[in-house]
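*Asks:* To be precise about what I am sending: the file is called data_27.cif and holds mmCIF, C-alpha atoms and all ligand atoms.
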```cif
data_my_file
#
loop_
_atom_site.label_atom_id
_atom_site.label_comp_id
_atom_site.auth_asym_id
_atom_site.auth_seq_id
_atom_site.Cartn_x
_atom_site.Cartn_y
_atom_site.Cartn_z
CA MET A 1 81.56 111.30 173.91
CA LYS A 2 78.76 108.85 173.08
CA PHE A 3 78.04 108.10 169.42
CA ASP A 4 75.12 105.79 168.64
CA ILE A 5 74.58 104.62 165.06
CA VAL A 6 71.28 102.97 164.13
CA THR A 7 71.50 100.82 161.00
CA ILE A 8 70.32 97.66 159.32
CA PHE A 9 74.00 96.81 158.76
CA PRO A 10 75.63 97.05 162.21
CA ARG A 11 78.55 94.89 161.08
CA MET A 12 79.45 97.52 158.49
CA ILE A 13 79.91 100.01 161.34
CA GLU A 14 81.58 97.57 163.75
CA ALA A 15 84.16 96.45 161.18
CA SER A 16 85.35 100.00 160.72
CA LEU A 17 85.67 100.59 164.47
CA GLU A 18 88.40 97.99 164.83
CA ASP A 19 91.35 100.03 163.61
CA GLY A 20 92.77 103.51 163.65
CA VAL A 21 92.14 106.64 165.65
CA VAL A 22 88.52 105.79 166.50
CA ALA A 23 89.53 102.31 167.76
CA ARG A 24 92.15 103.83 170.04
CA ALA A 25 89.72 106.47 171.30
CA ARG A 26 87.24 103.72 172.17
CA ALA A 27 89.89 101.69 173.97
CA SER A 28 90.92 104.72 176.03
CA GLY A 29 87.28 105.47 176.91
CA ARG A 30 87.22 108.88 175.19
CA LEU A 31 84.69 107.65 172.64
CA ASP A 32 81.81 105.32 173.37
CA VAL A 33 80.53 104.21 169.94
CA ARG A 34 77.73 101.70 169.47
CA ALA A 35 76.05 100.28 166.41
CA TRP A 36 72.38 99.41 166.95
CA ASP A 37 70.59 96.93 164.72
CA LEU A 38 67.36 98.57 163.51
CA ARG A 39 65.70 95.15 163.23
CA GLU A 40 65.97 94.76 167.00
CA PHE A 41 63.40 97.56 167.29
CA THR A 42 60.74 95.85 165.19
CA THR A 43 57.85 94.05 166.85
CA ASP A 44 56.80 91.61 164.12
CA ARG A 45 58.04 88.06 163.60
CA HIS A 46 59.87 88.90 160.37
CA LYS A 47 61.60 91.99 161.74
CA VAL A 48 60.36 94.12 158.83
CA VAL A 49 61.98 97.56 158.68
CA ASP A 50 60.69 98.82 155.31
CA ASP A 51 57.56 99.11 153.23
CA SER A 52 56.48 100.38 149.80
CA PRO A 53 55.97 104.13 149.40
CA PHE A 54 52.49 105.60 149.74
CA GLY A 55 51.46 106.97 146.35
CA GLY A 56 53.41 104.27 144.54
CA GLY A 57 56.78 104.38 142.86
CA PRO A 58 59.93 102.33 142.97
CA GLY A 59 61.88 101.11 145.99
CA MET A 60 61.15 100.80 149.65
CA VAL A 61 60.98 103.29 152.50
CA LEU A 62 62.21 102.70 156.05
CA LYS A 63 59.22 102.56 158.41
CA PRO A 64 59.02 105.16 161.16
CA GLU A 65 58.20 102.92 164.17
CA PRO A 66 61.50 100.98 164.51
CA LEU A 67 63.55 104.17 164.07
CA VAL A 68 61.53 106.10 166.65
CA ARG A 69 61.67 103.17 169.06
CA ALA A 70 65.44 102.97 168.60
CA VAL A 71 65.88 106.65 169.44
CA GLU A 72 63.62 106.31 172.49
CA HIS A 73 65.47 103.23 173.68
CA ILE A 74 68.87 104.88 173.27
CA GLY A 75 67.56 107.91 175.17
CA GLU A 76 66.48 105.70 178.07
CA ALA A 77 69.59 103.52 178.09
CA ARG A 78 72.23 106.15 177.39
CA GLY A 79 70.68 109.53 178.15
CA ARG A 80 69.09 112.16 175.94
CA PRO A 81 71.30 112.89 172.90
CA GLY A 82 72.36 116.42 171.99
CA ALA A 83 71.68 115.70 168.30
CA VAL A 84 69.83 113.10 166.25
CA ILE A 85 71.41 113.19 162.81
CA LEU A 86 69.92 111.98 159.56
CA PRO A 87 72.61 111.53 156.90
CA THR A 88 70.95 112.43 153.60
CA PRO A 89 71.89 114.09 150.30
CA GLN A 90 69.14 116.64 151.14
CA GLY A 91 71.02 117.75 154.25
CA ARG A 92 73.30 120.66 155.01
CA ARG A 93 76.80 120.04 153.64
CA PHE A 94 79.12 118.58 156.28
CA CYS A 95 82.19 120.72 156.94
CA HIS A 96 84.92 121.49 159.46
CA ASP A 97 82.79 123.86 161.56
CA GLU A 98 80.02 121.30 161.80
CA ALA A 99 82.50 118.63 162.97
CA VAL A 100 83.77 120.99 165.68
CA ARG A 101 80.21 121.85 166.75
CA LEU A 102 79.19 118.19 167.05
CA SER A 103 82.38 117.31 168.96
CA ARG A 104 81.22 119.66 171.71
CA LEU A 105 78.10 117.57 172.31
CA SER A 106 78.45 114.71 174.73
CA HIS A 107 76.04 112.41 172.90
CA VAL A 108 75.06 112.08 169.23
CA VAL A 109 72.71 109.59 167.53
CA VAL A 110 72.88 108.90 163.78
CA LEU A 111 70.00 107.22 161.93
CA CYS A 112 71.16 105.51 158.74
CA GLY A 113 68.71 105.39 155.85
CA ARG A 114 68.63 102.74 153.14
CA TYR A 115 66.48 102.03 150.11
CA GLU A 116 64.62 105.07 148.77
CA GLY A 117 64.84 106.85 152.10
CA ILE A 118 63.25 107.19 155.50
CA ASP A 119 59.61 107.98 156.27
CA ASP A 120 59.62 111.79 156.42
CA ARG A 121 57.92 111.89 159.83
CA VAL A 122 61.23 110.77 161.34
CA ARG A 123 62.92 113.80 159.81
CA ALA A 124 60.11 116.12 160.87
CA HIS A 125 59.64 114.92 164.46
CA VAL A 126 62.76 113.12 165.63
CA ALA A 127 65.85 114.29 163.73
CA THR A 128 67.54 117.50 164.84
CA ASP A 129 70.01 117.71 161.94
CA GLU A 130 70.13 116.54 158.34
CA ILE A 131 73.67 116.23 157.03
CA SER A 132 75.01 115.53 153.54
CA ILE A 133 78.64 114.52 153.07
CA GLY A 134 78.65 115.60 149.42
CA ASP A 135 76.64 116.00 146.25
CA TYR A 136 76.34 112.35 145.30
CA VAL A 137 74.02 109.57 146.38
CA LEU A 138 75.34 106.73 148.54
CA SER A 139 73.39 103.51 148.90
CA GLY A 140 72.86 104.23 152.57
CA GLY A 141 73.76 106.46 155.47
CA GLU A 142 76.37 104.12 156.97
CA LEU A 143 79.41 105.48 155.14
CA ALA A 144 78.24 109.03 155.83
CA ALA A 145 77.83 108.16 159.54
CA LEU A 146 81.40 106.84 159.61
CA VAL A 147 82.72 109.94 157.86
CA ILE A 148 80.95 112.15 160.41
CA LEU A 149 82.18 109.99 163.31
CA ASP A 150 85.79 110.14 162.14
CA ALA A 151 85.80 113.88 161.53
CA VAL A 152 84.04 114.63 164.84
CA ALA A 153 86.21 112.25 166.89
CA ARG A 154 89.34 114.16 165.89
CA PHE A 155 88.09 117.17 167.85
CA VAL A 156 87.25 115.25 171.02
CA PRO A 157 90.03 116.16 173.47
CA GLY A 158 92.72 113.48 173.69
CA VAL A 159 91.53 111.47 170.68
CA VAL A 160 94.29 112.61 168.35
CA GLY A 161 97.52 111.98 170.25
CA ASP A 162 99.12 115.29 169.39
CA ASP A 163 96.64 118.19 169.65
CA ALA A 164 99.03 120.29 167.54
CA SER A 165 98.34 117.84 164.72
CA VAL A 166 94.61 118.74 164.75
CA GLU A 167 95.39 122.43 165.01
CA GLY A 168 97.55 122.13 161.90
CA ASP A 169 94.83 120.27 159.97
CA SER A 170 93.37 121.66 156.80
CA PHE A 171 90.47 124.05 157.40
CA VAL A 172 91.38 124.85 161.02
CA ARG A 173 92.46 128.30 159.89
CA GLY A 174 90.24 128.29 156.83
CA LEU A 175 93.07 127.18 154.53
CA LEU A 176 94.24 123.83 153.13
CA ASP A 177 97.26 122.14 154.67
CA HIS A 178 100.84 122.78 153.52
CA PRO A 179 102.79 119.88 151.90
CA HIS A 180 104.60 117.39 154.15
CA TYR A 181 107.90 115.55 153.57
CA THR A 182 109.98 112.94 155.37
CA ARG A 183 113.30 111.14 154.80
CA PRO A 184 115.05 110.65 152.42
CA ALA A 185 115.82 114.27 151.55
CA GLU A 186 116.41 113.19 147.96
CA PHE A 187 114.69 110.30 146.20
CA ARG A 188 115.07 109.61 142.47
CA GLY A 189 116.34 113.15 142.12
CA TRP A 190 113.16 114.56 143.73
CA CYS A 191 114.30 116.92 146.46
CA VAL A 192 112.66 118.13 149.64
CA PRO A 193 112.47 121.95 149.84
CA GLU A 194 115.78 123.20 151.22
CA VAL A 195 114.22 125.32 153.98
CA LEU A 196 112.83 122.20 155.70
CA LEU A 197 116.37 120.86 156.15
CA SER A 198 117.71 124.16 157.51
CA GLY A 199 116.80 123.55 161.15
CA HIS A 200 115.56 127.16 161.24
CA HIS A 201 112.13 126.84 162.93
CA GLY A 202 111.03 130.39 162.12
CA ALA A 203 111.81 129.97 158.43
CA VAL A 204 110.07 126.57 158.36
CA GLU A 205 106.97 128.05 159.97
CA THR A 206 106.90 130.94 157.46
CA TRP A 207 107.33 128.50 154.56
CA ARG A 208 104.46 126.34 155.84
CA ARG A 209 102.13 129.31 156.23
CA ARG A 210 102.95 130.58 152.76
CA GLU A 211 102.60 127.12 151.20
CA ALA A 212 99.19 126.64 152.89
CA LEU A 213 98.12 129.89 151.27
CA ARG A 214 99.59 128.94 147.87
CA VAL A 215 97.97 125.48 147.83
CA THR A 216 94.60 126.99 148.78
CA PHE A 217 94.95 129.78 146.21
CA GLU A 218 95.71 127.28 143.44
CA ARG A 219 93.27 124.50 144.32
CA ARG A 220 90.43 126.03 146.32
CA PRO A 221 90.25 129.78 145.61
CA ASP A 222 86.71 129.75 147.04
CA LEU A 223 88.22 129.11 150.49
CA ILE A 224 90.54 132.12 150.16
CA ASP A 225 87.51 134.37 149.78
CA ARG A 226 86.22 133.24 153.17
CA ALA A 227 89.52 132.88 155.07
CA VAL A 228 90.60 135.46 157.61
CA LEU A 229 94.11 136.45 156.50
CA ASP A 230 96.64 138.48 158.46
CA ALA A 231 98.66 141.31 156.89
CA GLU A 232 101.54 139.02 155.89
CA GLN A 233 99.20 136.51 154.23
CA ARG A 234 97.40 139.31 152.36
CA ARG A 235 100.80 140.44 151.04
CA TRP A 236 101.63 136.88 149.95
CA LEU A 237 98.24 136.64 148.29
CA GLU A 238 98.95 139.78 146.28
CA GLU A 239 102.28 138.24 145.23
CA LEU A 240 100.55 135.02 144.16
CA ILE A 241 97.98 136.98 142.15
CA ALA A 242 100.75 139.01 140.51
CA GLU A 243 102.73 135.83 139.70
CA ARG A 244 99.66 134.27 138.13
CA GLU A 245 98.94 137.35 136.05
CA LYS A 246 102.57 137.46 134.90
CA ALA A 247 102.40 133.83 133.86
CA GLY A 248 99.13 134.67 132.06
CA LYS A 249 97.31 131.72 133.56
CA GLY A 250 94.08 131.01 135.38
CA VAL A 251 93.81 128.61 138.31
CA GLU A 252 96.22 125.70 137.88
CA HIS A 253 95.56 122.08 138.75
CA ASP A 254 98.29 119.68 139.80
CA ARG A 255 97.85 116.91 137.27
CA ASP A 256 96.46 118.86 134.32
N1 LIG B 1 72.94 109.02 152.12
C1 LIG B 1 72.95 108.84 150.79
N2 LIG B 1 73.73 109.74 150.18
C2 LIG B 1 74.23 110.56 151.15
C3 LIG B 1 75.08 111.67 151.15
N3 LIG B 1 75.60 112.19 150.04
N4 LIG B 1 75.37 112.25 152.33
C4 LIG B 1 74.85 111.76 153.47
N5 LIG B 1 74.03 110.70 153.52
C5 LIG B 1 73.72 110.10 152.38
#
```
Output the file's structure in the form of structure tokens.
*Replies:*
Amino acid sequence: MKFDIVTIFPRMIEASLEDGVVARARASGRLDVRAWDLREFTTDRHKVVDDSPFGGGPGMVLKPEPLVRAVEHIGEARGRPGAVILPTPQGRRFCHDEAVRLSRLSHVVVLCGRYEGIDDRVRAHVATDEISIGDYVLSGGELAALVILDAVARFVPGVVGDDASVEGDSFVRGLLDHPHYTRPAEFRGWCVPEVLLSGHHGAVETWRRREALRVTFERRPDLIDRAVLDAEQRRWLEELIAEREKAGKGVEHDRD
């Protein structure tokens, strides 16, 4: 999969490509990620990428020409992308399904904004998707681009060594992940749940499914409303609701 990120801070992108899952995926050829310096697509001596907003007001706006030239150049050099993404707080909220959808495209371009934003003609005529990674404002699209890259890369076949590990990820089945433990079985008197030491795979699997449901019920009840539960999970859910009512509590939070 090709992933092209256009930015005025290419080193910010390159530094984060040096380690971890994305670095390995690049080395193995499964991911072809490139950071493009927006200034290389300017035509003036000073490589100006921004200008003051029409109508006045604070800050600077990224000019349309270098961004459009960058997209055109990438299209010629690397083929037509399946999506041109604008990371922006005004975008659709990024989520698991969106990461899976993008991972099925063979080529994605991300245009990182800075300053007050990007000239809106780029959004209107060039971008195919506007994506927000959360309801807060970052100082630029670079961190959002890296978040999107990481989440998408995990669904590119072969990128995560053990495919079962992606299948078990939070959100794959609409629920949060169950807790994980490793050795030692007891540490400072804090014990690992007995069932995990039993060697009984069926019981472990049942425990994990029930714990995934419990964690989601307690921390993200909104996800329960949308999850597709089987008969056993619906029964567990009724038990959890009954337990909560018996304890006379609302939704609990871990560190409250
Ligand atoms: N750029 C600035 N803030 C952002 C956000 N929350 N999501 C995506 N891109 C952004």
*Asks:* Go through the chains and note each residue within 6 Å of ligand LIG 1 (chain B), using all atoms listed in the file, then give the set as a ChimeraX atom specification.
*Replies:* /A:87-89,131-141,144
*Asks:* Nearest to A:Asp222: which of A:Leu175, A:Ser103, A:Arg11, A:Ser198 is it, counting all atoms listed in the file?
*Replies:* A:Leu175
*Asks:* Compile the contact shell of A:Ile241 as a list in words: residues with an atom at most 12 Å away, counting all atoms listed in the file, same-chain residues fewer than 4 positions apart removed.
*Replies:* Leu213, Arg214, Phe217, Glu218, Pro221, Ile224, Arg234, Arg235, Trp236, Leu237, Glu245, Lys246, Ala247, Gly248, Lys249, Gly250 and Val251 of chain A
*Asks:* Around the point (63.1, 111.7, 163.8) in the file's coordinates, collect all residues with an atom within 9 Å, using only C-alpha atoms, and return them as a PyMOL selection string.
*Replies:* chain A and resi 64+67-68+71+84-86+111+120-128
*Asks:* Quick one: everything within 12 Å of A:Pro58, counting all atoms listed in the file, minus sequence neighbours fewer than 3 positions away in the same chain. Send it as a ChimeraX atom specification.
*Replies:* /A:51-55,61,115-117
*Asks:* Nearest residue to A:Met12 out of A:Glu205, A:Glu238, A:Asp32, A:Asp37, using only C-alpha atoms?
*Replies:* A:Asp37
*Asks:* Mind giving me the straight-line distance from atom CA of A:Met60 to atom CA of A:Asp4 in Å, one decimal?
*Replies:*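 About the pair atom CA of A:Met60 and atom CA of A:Asp4: they are 24.1 Å apart.
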*Asks:* Would you work out the distance separating atom CA of A:Arg154 from atom CA of A:Phe94, expressed in Å to one decimal?
*Replies:*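 Between these atoms lies a distance of 14.7 Å.
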*Asks:* Excluding same-chain residues fewer than 6 positions from A:Ser165, what lies within 12 Å of it counting all atoms listed in the file, as a PyMOL selection string?
*Replies:* chain A and resi 154-155+158-159+172+177
*Asks:* Please determine, counting all atoms listed in the file, which residue among A:Gly91, A:Glu40, A:Leu146, A:Ala99 has the shortest atom-to-atom distance to A:His73.
*Replies:*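 So, comparing all the options, the nearest one is A:Glu40.
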*Asks:* May I ask for the distance between atom CA of A:Ile5 and atom CA of A:Gly57, given in Å to one decimal place?
*Replies:* 28.5 Å
*Asks:* For A:Asp169, which residue out of A:Arg26, A:Arg210, A:Arg114, A:His96 is the nearest one, using all atoms listed in the file?
*Replies:* A:His96
*Asks:* Could you name the residues that touch A:Leu38 at 10 Å or less, counting only C-alpha atoms, but leaving out those on the same chain fewer than 2 positions away, as a ChimeraX atom specification?
*Replies:* /A:5-10,35-36,40-42,47-49,62,66-67,69-70,111-112
*Asks:* So that I have them on file, write out the residues from the current selection with C-alpha atoms, as a PDB file, keeping the file's coordinate frame.
*Replies:*
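Result saved to part-v4.pdb:
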```pdb
ATOM      1  CA  ILE A   5      74.580 104.620 165.060  1.00  0.00           C
ATOM      2  CA  VAL A   6      71.280 102.970 164.130  1.00  0.00           C
ATOM      3  CA  THR A   7      71.500 100.820 161.000  1.00  0.00           C
ATOM      4  CA  ILE A   8      70.320  97.660 159.320  1.00  0.00           C
ATOM      5  CA  PHE A   9      74.000  96.810 158.760  1.00  0.00           C
ATOM      6  CA  PRO A  10      75.630  97.050 162.210  1.00  0.00           C
ATOM      7  CA  ALA A  35      76.050 100.280 166.410  1.00  0.00           C
ATOM      8  CA  TRP A  36      72.380  99.410 166.950  1.00  0.00           C
ATOM      9  CA  GLU A  40      65.970  94.760 167.000  1.00  0.00           C
ATOM     10  CA  PHE A  41      63.400  97.560 167.290  1.00  0.00           C
ATOM     11  CA  THR A  42      60.740  95.850 165.190  1.00  0.00           C
ATOM     12  CA  LYS A  47      61.600  91.990 161.740  1.00  0.00           C
ATOM     13  CA  VAL A  48      60.360  94.120 158.830  1.00  0.00           C
ATOM     14  CA  VAL A  49      61.980  97.560 158.680  1.00  0.00           C
ATOM     15  CA  LEU A  62      62.210 102.700 156.050  1.00  0.00           C
ATOM     16  CA  PRO A  66      61.500 100.980 164.510  1.00  0.00           C
ATOM     17  CA  LEU A  67      63.550 104.170 164.070  1.00  0.00           C
ATOM     18  CA  ARG A  69      61.670 103.170 169.060  1.00  0.00           C
ATOM     19  CA  ALA A  70      65.440 102.970 168.600  1.00  0.00           C
ATOM     20  CA  LEU A 111      70.000 107.220 161.930  1.00  0.00           C
ATOM     21  CA  CYS A 112      71.160 105.510 158.740  1.00  0.00           C
TER      22      CYS A 112
END
```
*Asks:* Looking at all atoms listed in the file, which of A:Asp44, A:Leu143, A:Ala83, A:Val160 is the one that sits closest to A:Ser28?
*Replies:*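 Among the listed residues, A:Val160 lies closest to A:Ser28.
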*Asks:* Nearest residue to A:Pro179 out of A:Gln90, A:Gln233, A:Ser16, A:Thr216, using only C-alpha atoms?
*Replies:*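 Nearest candidate to A:Pro179 out of A:Gln90, A:Gln233, A:Ser16, A:Thr216: A:Thr216.
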